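Reproduced below: start.txt, with compact mmCIF, C-alpha atoms.
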```txt
# COMPACT_ATOMS: atom_id res chain seq x y z
CA MET W 17 2.34 -4.75 15.38
CA TYR W 18 1.77 -6.86 12.27
CA TYR W 19 3.92 -4.51 10.21
CA HIS W 20 6.84 -4.76 12.63
CA LYS W 21 6.62 -8.54 12.72
CA ARG W 22 6.87 -8.64 8.95
CA LEU W 23 9.73 -6.12 9.02
CA PHE W 24 11.50 -8.38 11.50
CA LEU W 25 11.22 -11.27 9.03
CA LEU W 26 12.49 -9.06 6.22
CA PHE W 27 15.63 -8.23 8.15
CA LEU W 28 16.21 -11.90 8.77
CA SER W 29 16.00 -12.51 5.05
CA LEU W 30 18.26 -9.64 4.04
CA PHE W 31 20.95 -10.51 6.54
CA SER W 32 21.01 -14.19 5.72
CA GLY W 33 19.70 -15.53 9.00
CA LEU W 34 23.07 -15.10 10.66
CA PHE W 35 21.92 -13.43 13.87
CA PHE W 36 21.12 -16.67 15.64
CA SER W 37 24.03 -18.71 14.33
CA GLN W 38 26.65 -20.51 16.34
CA SER W 39 30.05 -21.96 15.61
CA ASN W 40 30.38 -25.66 15.07
CA ASP W 41 31.36 -26.75 18.57
CA LYS W 42 32.33 -30.35 17.88
CA ASP W 43 34.61 -30.45 14.85
CA SER W 44 38.31 -29.84 15.49
CA ILE W 45 40.31 -28.52 12.54
CA ARG W 46 42.79 -30.91 10.92
CA GLY W 47 43.48 -28.72 7.91
CA ASP W 48 43.00 -25.05 7.05
CA PHE W 49 43.61 -24.23 3.39
CA THR W 50 42.95 -21.20 1.20
CA TYR W 51 42.30 -21.49 -2.53
CA LEU W 52 42.24 -18.76 -5.15
CA LEU W 53 39.62 -19.10 -7.86
CA LYS W 54 40.23 -17.39 -11.19
CA ALA W 55 37.16 -17.62 -13.40
CA LYS W 56 35.58 -16.31 -16.56
CA LEU W 57 32.04 -15.89 -15.31
CA ASN W 58 30.54 -13.95 -18.22
CA ASN W 59 30.59 -14.90 -21.88
CA GLN W 60 29.94 -11.29 -22.83
CA THR W 61 33.31 -10.26 -21.38
CA PRO W 62 35.50 -13.35 -22.01
CA ASP W 63 38.75 -11.52 -21.27
CA TYR W 64 37.69 -10.47 -17.78
CA ILE W 65 38.89 -12.84 -15.07
CA TYR W 66 37.14 -12.67 -11.72
CA ASP W 67 39.02 -13.89 -8.66
CA GLU W 68 37.91 -14.76 -5.15
CA HIS W 69 39.46 -16.65 -2.25
CA PHE W 70 37.87 -19.68 -0.61
CA SER W 71 38.50 -21.46 2.65
CA LEU W 72 38.66 -25.26 2.91
CA LEU W 73 38.40 -26.32 6.54
CA ILE W 74 38.87 -30.01 7.21
CA SER W 75 37.80 -31.85 10.35
CA ASP W 76 38.02 -35.54 11.24
CA LYS W 77 34.88 -36.44 9.27
CA HIS W 78 34.05 -33.49 7.01
CA SER W 79 35.38 -30.63 4.93
CA PHE W 80 33.74 -27.22 4.72
CA PHE W 81 34.22 -25.10 1.58
CA VAL W 82 33.16 -21.45 1.92
CA SER W 83 34.05 -18.12 0.30
CA VAL W 84 36.44 -16.10 2.49
CA LYS W 85 34.31 -13.01 1.85
CA SER W 86 31.28 -14.95 2.97
CA LEU W 87 32.99 -15.90 6.24
CA LYS W 88 33.97 -12.25 6.77
CA ARG W 89 30.38 -11.25 6.07
CA ASP W 90 29.22 -13.59 8.83
CA SER W 91 31.71 -12.03 11.25
CA VAL W 92 30.87 -8.41 10.36
CA ILE W 93 27.14 -9.00 10.77
CA GLU W 94 27.63 -10.84 14.05
CA LYS W 95 29.72 -7.99 15.51
CA SER W 96 27.66 -5.11 14.08
CA ARG W 97 24.09 -6.21 14.65
CA VAL W 98 21.77 -3.87 16.50
CA THR W 99 18.58 -4.99 18.22
CA THR W 100 15.92 -2.30 18.73
CA ASN W 101 13.00 -2.86 21.09
CA ASN W 102 10.05 -0.97 19.66
CA PRO W 103 7.38 0.72 21.84
CA ASP W 104 4.76 -1.79 20.72
CA GLY W 105 6.86 -4.69 21.99
CA SER W 106 8.20 -5.80 18.62
CA ILE W 107 11.86 -6.10 17.71
CA THR W 108 13.72 -4.66 14.72
CA LEU W 109 17.13 -5.97 13.67
CA SER W 110 19.64 -3.83 11.78
CA LEU W 111 23.36 -3.07 11.49
CA LYS W 112 25.40 -0.23 12.96
CA ASN W 113 25.60 2.88 10.81
CA GLY W 114 28.53 2.95 8.42
CA VAL W 115 29.18 -0.78 8.53
CA SER W 116 30.29 -2.22 5.19
CA VAL W 117 29.28 -5.83 4.63
CA PRO W 118 31.56 -7.89 2.32
CA ASN W 119 29.85 -9.13 -0.80
CA THR W 120 30.51 -12.45 -2.51
CA LYS W 121 29.40 -14.00 -5.77
CA PHE W 122 29.46 -17.40 -4.06
CA PRO W 123 27.21 -17.43 -0.95
CA TYR W 124 26.99 -21.22 -0.72
CA THR W 125 28.49 -23.69 1.72
CA ILE W 126 29.69 -27.10 0.55
CA ILE W 127 30.25 -29.90 3.06
CA GLN W 128 31.96 -33.11 1.98
CA SER W 129 32.35 -36.41 3.80
CA ASN W 130 33.46 -39.86 2.74
CA LYS W 131 29.81 -40.58 1.88
CA ASN W 132 28.57 -37.60 -0.11
CA VAL W 133 28.80 -33.94 -1.06
CA GLN W 134 26.13 -31.59 0.27
CA TYR W 135 25.45 -28.09 -1.07
CA PHE W 136 23.72 -25.41 1.07
CA GLN W 137 22.44 -21.97 0.12
CA LEU W 138 20.10 -19.44 1.69
CA VAL W 139 17.04 -18.80 -0.48
CA GLY W 140 14.65 -16.21 0.93
CA MET W 141 14.39 -17.11 4.61
CA SER W 142 15.22 -20.81 4.27
CA VAL W 143 18.44 -22.72 3.74
CA LEU W 144 18.01 -25.19 0.89
CA SER W 145 20.26 -28.17 0.34
CA TYR W 146 20.87 -31.05 -2.04
CA LYS W 147 23.18 -34.05 -1.94
CA GLU W 148 25.41 -35.62 -4.57
CA PRO W 149 27.65 -38.69 -4.52
CA ILE W 150 31.39 -38.24 -4.25
CA ILE W 151 33.12 -38.12 -7.63
CA SER W 152 34.24 -41.67 -8.35
CA ASN W 153 35.24 -41.62 -12.03
CA TRP W 154 38.66 -40.05 -11.61
CA LYS W 155 41.31 -41.22 -14.06
CA LEU W 156 44.75 -41.31 -12.43
CA ILE W 157 47.55 -40.25 -14.81
CA ASN W 158 51.17 -41.35 -14.48
CA GLU W 159 52.52 -37.82 -14.45
CA GLU W 160 54.06 -35.71 -11.70
CA LYS W 161 54.60 -32.00 -11.17
CA ILE W 162 55.82 -29.65 -8.45
CA ILE W 163 53.36 -26.85 -7.64
CA ASN W 164 54.42 -24.28 -5.03
CA THR W 165 57.07 -26.71 -3.71
CA ILE W 166 54.48 -29.48 -3.31
CA ASN W 167 54.94 -32.80 -5.14
CA CYS W 168 51.77 -33.52 -7.07
CA LYS W 169 50.27 -36.23 -9.24
CA LYS W 170 47.80 -35.79 -12.08
CA ALA W 171 44.19 -36.90 -12.42
CA GLN W 172 41.38 -36.18 -14.84
CA VAL W 173 37.60 -36.27 -14.64
CA ASN W 174 34.55 -35.19 -16.61
CA TYR W 175 32.17 -33.48 -14.21
CA LYS W 176 28.93 -31.64 -15.02
CA GLY W 177 29.85 -30.91 -18.63
CA ARG W 178 33.48 -29.88 -18.13
CA ASN W 179 36.73 -31.81 -18.40
CA TRP W 180 38.89 -31.16 -15.37
CA ILE W 181 42.61 -31.67 -14.79
CA ALA W 182 43.60 -32.00 -11.14
CA TRP W 183 46.95 -32.07 -9.40
CA TYR W 184 46.83 -33.72 -5.98
CA SER W 185 49.43 -34.52 -3.34
CA PRO W 186 49.61 -37.96 -1.70
CA GLU W 187 51.99 -36.30 0.77
CA ILE W 188 48.92 -34.54 2.22
CA PRO W 189 46.63 -37.56 2.83
CA LEU W 190 43.35 -35.65 2.94
CA PRO W 191 40.90 -36.75 0.21
CA TYR W 192 39.38 -33.31 -0.30
CA GLY W 193 39.68 -30.30 -2.55
CA PRO W 194 37.94 -27.09 -3.62
CA TYR W 195 34.30 -26.84 -4.62
CA LYS W 196 32.76 -30.36 -4.92
CA PHE W 197 35.99 -32.08 -5.92
CA SER W 198 37.12 -34.92 -3.66
CA GLY W 199 37.85 -38.63 -3.72
CA LEU W 200 41.51 -38.56 -4.71
CA PRO W 201 44.27 -40.14 -2.59
CA GLY W 202 45.56 -36.76 -1.44
CA LEU W 203 44.63 -33.08 -1.16
CA ILE W 204 43.88 -31.35 -4.47
CA ILE W 205 46.45 -28.59 -4.91
CA LYS W 206 45.24 -27.27 -8.25
CA ILE W 207 42.33 -28.07 -10.56
CA THR W 208 41.47 -26.44 -13.90
CA ASP W 209 38.95 -27.16 -16.62
CA ASP W 210 40.43 -27.83 -20.05
CA LYS W 211 39.09 -24.52 -21.44
CA GLY W 212 40.91 -22.54 -18.77
CA GLU W 213 37.69 -20.88 -17.65
CA PHE W 214 37.83 -22.03 -14.02
CA ASP W 215 41.01 -22.51 -12.03
CA PHE W 216 41.33 -23.29 -8.31
CA GLU W 217 44.80 -23.24 -6.78
CA LEU W 218 45.99 -23.67 -3.21
CA VAL W 219 47.69 -20.42 -2.13
CA LYS W 220 47.89 -20.74 1.64
CA SER W 221 47.86 -23.36 4.37
CA VAL W 222 48.01 -23.08 8.14
CA PRO W 223 50.69 -25.23 9.81
CA THR W 224 49.30 -28.17 11.77
CA SER W 225 51.02 -26.93 14.93
CA LYS W 226 48.80 -23.82 14.87
CA LEU W 227 45.56 -25.79 14.55
CA LYS W 228 45.66 -27.48 17.94
CA ARG W 229 42.46 -26.96 19.94
CA LYS W 230 40.94 -24.86 17.15
CA LEU W 231 37.40 -25.61 16.02
CA ILE W 232 35.54 -25.27 12.74
CA SER W 233 34.24 -21.69 12.72
CA VAL W 234 31.61 -21.99 9.97
CA LYS W 235 28.28 -20.83 11.37
CA LYS W 236 25.76 -23.59 11.96
CA SER W 237 23.00 -21.47 10.45
CA ARG W 238 24.66 -21.96 7.07
CA TYR W 239 23.90 -25.67 7.05
CA THR W 240 21.64 -26.84 9.90
CA GLU W 241 17.87 -27.20 9.62
CA ALA W 242 18.17 -27.05 5.84
CA ILE W 243 15.31 -28.09 3.60
CA GLU W 244 16.52 -30.89 1.36
CA THR W 245 15.67 -30.58 -2.32
CA THR W 246 17.28 -31.17 -5.72
CA GLN W 247 19.72 -28.99 -7.60
CA PRO W 248 17.21 -28.00 -10.34
CA LYS W 249 14.59 -27.11 -7.74
CA LEU W 250 17.09 -25.04 -5.74
CA LYS W 251 17.98 -23.07 -8.88
CA GLU W 252 14.30 -22.54 -9.60
CA ALA W 253 13.74 -21.32 -6.04
CA LEU W 254 16.58 -18.81 -6.42
CA ARG W 255 15.06 -17.42 -9.61
CA ASN W 256 11.64 -17.17 -7.99
CA ALA W 257 13.09 -15.42 -4.92
CA GLU W 258 14.82 -12.85 -7.12
CA ALA W 259 11.70 -12.26 -9.19
CA ASN W 260 9.49 -11.91 -6.12
CA ALA W 261 11.76 -9.51 -4.18
CA ALA W 262 10.06 -6.41 -5.60
CA ALA W 263 6.60 -7.82 -4.92
CA VAL W 264 7.51 -8.64 -1.32
CA LEU W 265 8.81 -5.12 -0.73
CA ALA W 266 5.71 -3.65 -2.38
CA SER W 267 3.52 -5.39 0.20
CA TYR W 268 5.15 -3.33 2.96
CA GLY W 269 3.65 -0.09 1.68
CA THR W 270 4.80 3.15 0.06
CA THR W 271 7.30 3.98 2.80
CA ILE W 272 9.86 1.74 1.14
CA ILE W 273 8.87 2.29 -2.46
CA LYS W 274 12.47 3.18 -3.28
CA GLY W 275 13.56 -0.24 -2.04
CA GLN W 276 10.86 -1.80 -4.18
CA GLU W 277 12.16 -0.01 -7.27
CA ILE W 278 15.75 -1.02 -6.54
CA ALA W 279 14.75 -4.67 -6.05
CA ARG W 280 12.78 -4.66 -9.30
CA GLN W 281 15.71 -3.14 -11.22
CA ARG W 282 18.19 -5.62 -9.76
CA ALA W 283 15.92 -8.53 -10.65
CA LYS W 284 15.69 -7.23 -14.21
CA GLU W 285 19.47 -6.88 -14.45
CA ARG W 286 20.04 -10.38 -13.09
CA GLU W 287 17.63 -11.84 -15.61
CA GLU W 288 19.38 -9.99 -18.44
CA ASN W 289 22.83 -11.06 -17.27
CA ARG W 290 21.74 -14.68 -16.93
CA LYS W 291 21.90 -15.01 -20.72
CA TYR W 292 25.64 -14.45 -20.58
CA GLU W 293 26.48 -16.45 -17.46
CA ASN W 294 29.24 -19.01 -17.70
CA PRO W 295 28.50 -21.39 -14.82
CA ILE W 296 31.01 -23.81 -13.39
CA GLU W 297 28.49 -26.62 -13.96
CA LEU W 298 27.14 -26.86 -17.50
CA ASP W 299 24.89 -29.84 -16.71
CA ASP W 300 22.62 -30.32 -13.70
```
Step by step, read the file and then write its structure as structure tokens.
Amino acid sequence: MYYHKRLFLLFLSLFSGLFFSQSNDKDSIRGDFTYLLKAKLNNQTPDYIYDEHFSLLISDKHSFFVSVKSLKRDSVIEKSRVTTNNPDGSITLSLKNGVSVPNTKFPYTIIQSNKNVQYFQLVGMSVLSYKEPIISNWKLINEEKIINTINCKKAQVNYKGRNWIAWYSPEIPLPYGPYKFSGLPGLIIKITDDKGEFDFELVKSVPTSKLKRKLISVKKSRYTEAIETTQPKLKEALRNAEANAAAVLASYGTTIIKGQEIARQRAKEREENRKYENPIELDD
């Protein structure tokens, strides 16, 4: 019985706690935008550009920024979960055979309001979160540009060790943008750091007429009941969780020794790769 209870908790951890999640049932969508990120994530391979799409969902009071792959992962797990009632009365959670779960390099959720920016990420079996103030040191530049038929104005800001150039549109009066960028008098259409290592650009938007009666679909488990901490402590918790994965698996016995070896190898690879990481934020 004790073993199955612990196995139950392990499944919860591996599948990101999404089994008991619900859609946000209060926030109606005012804007649905898709951004493409092109990024140089590894200094060891500076010519390789990684790309991934993100969804920016805007309600009356908040914006939700989430990887599209991450949202698909939520959906796949929700539709493919299997609950097994064991003879001893315990429950085991798993996925249907053959199901492929989308993988993302950006598992976080970022929620912005007119008060602050809040970052959420699953670490082990807990969602950790930290808050930051909205960026307020934007420098508005008297320069205009048309990007994908949208009239834009220029702004600059130094944020977390990088100099960023943003193009925003007052014609779309929503003060949000990708990642943690907000606070401009219009939606951010494109934002790039001056080294060209990170570039977010709006590539798709859903017409307002198609958003009527639609609700924010981001799972509540991604951001409710989060444990509030600081950014440095969240990073430390992530490193500890990665380092301890092999030890946790080892405690389950020799029946999953292969999983233990895989976890240990992955932790070693992550630690090695960390030396070459090129993070979007250079300063905490």
Out of W:Ser152, W:Ser71, W:Asn294, W:Thr165, which residue has the shortest atom-to-atom distance to W:Pro201 when counting all atoms listed in the file? W:Ser152
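Nearest residue to W:Glu213, choosing from W:Pro191, W:Gly47, W:Pro123, W:Pro62 and counting all atoms listed in the file: W:Pro62.
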When you look at W:Ser116 with a cut-off of 10 Å (counting all atoms listed in the file), what residues show up, excluding the ones that are within fewer than 3 positions of it in the same chain? I need them as a ChimeraX atom specification. /W:89,92-93,96,111-113,119
Ranking W:His78, W:Lys88, W:Lys176, W:Lys56 by minimum distance to W:Leu298 and counting all atoms listed in the file, which one comes first? W:Lys176
Would you work out the distance separating atom CA of W:Lys291 from atom CA of W:Asp209, expressed in Å to one decimal? 21.3 Å
I need the residue nearest W:Gly140 from this list: W:Ile162, W:Ile157, W:Leu52, W:Ala259. Use all atoms listed in the file for the distance. W:Ala259
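Proximity ranking of W:Asp48, W:Glu293, W:Glu258, W:Glu68 relative to W:Asp215 places W:Glu68 first, based on all atoms listed in the file.
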Any idea what the distance is between atom CA of W:Gln172 and atom CA of W:Val219? 21.2 Å
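If you measure from each of W:Thr125, W:Gln137, W:Gln60, W:Thr100 to W:Leu250 using all atoms listed in the file, the closest one turns out to be W:Gln137.
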Could you pull the residues within 12 Å of W:Gly199, counting all atoms listed in the file, minus those fewer than 4 positions along the same chain, as JSON, numbers by chain? {"W": [128, 129, 130, 131, 132, 133, 149, 150, 151, 152, 153, 154, 155, 156, 171, 172, 173, 182, 184, 186, 189, 190, 191, 192, 193, 194, 203, 204]}
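Atom CA of W:Lys85 is found 26.1 Å from atom CA of W:Tyr175.
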Could you pull the residues within 12 Å of stretch 228-233 of chain W, counting only C-alpha atoms, minus those fewer than 2 positions along the same chain, as a PyMOL selection string? chain W and resi 37-48+71-82+84+87-88+90-91+127+222-226+235-238
Quick one: residues within 7 Å of W:Ser185, only C-alpha atoms, excluding same-chain residues fewer than 3 positions away - as a PDB file with C-alpha atoms, in the coordinates of the input?
```
ATOM      1  CA  ASN W 167      54.940 -32.800  -5.140  1.00  0.00           C
ATOM      2  CA  CYS W 168      51.770 -33.520  -7.070  1.00  0.00           C
ATOM      3  CA  LYS W 169      50.270 -36.230  -9.240  1.00  0.00           C
ATOM      4  CA  ILE W 188      48.920 -34.540   2.220  1.00  0.00           C
ATOM      5  CA  GLY W 202      45.560 -36.760  -1.440  1.00  0.00           C
ATOM      6  CA  LEU W 203      44.630 -33.080  -1.160  1.00  0.00           C
ATOM      7  CA  ILE W 204      43.880 -31.350  -4.470  1.00  0.00           C
ATOM      8  CA  ILE W 205      46.450 -28.590  -4.910  1.00  0.00           C
TER       9      ILE W 205
END
```
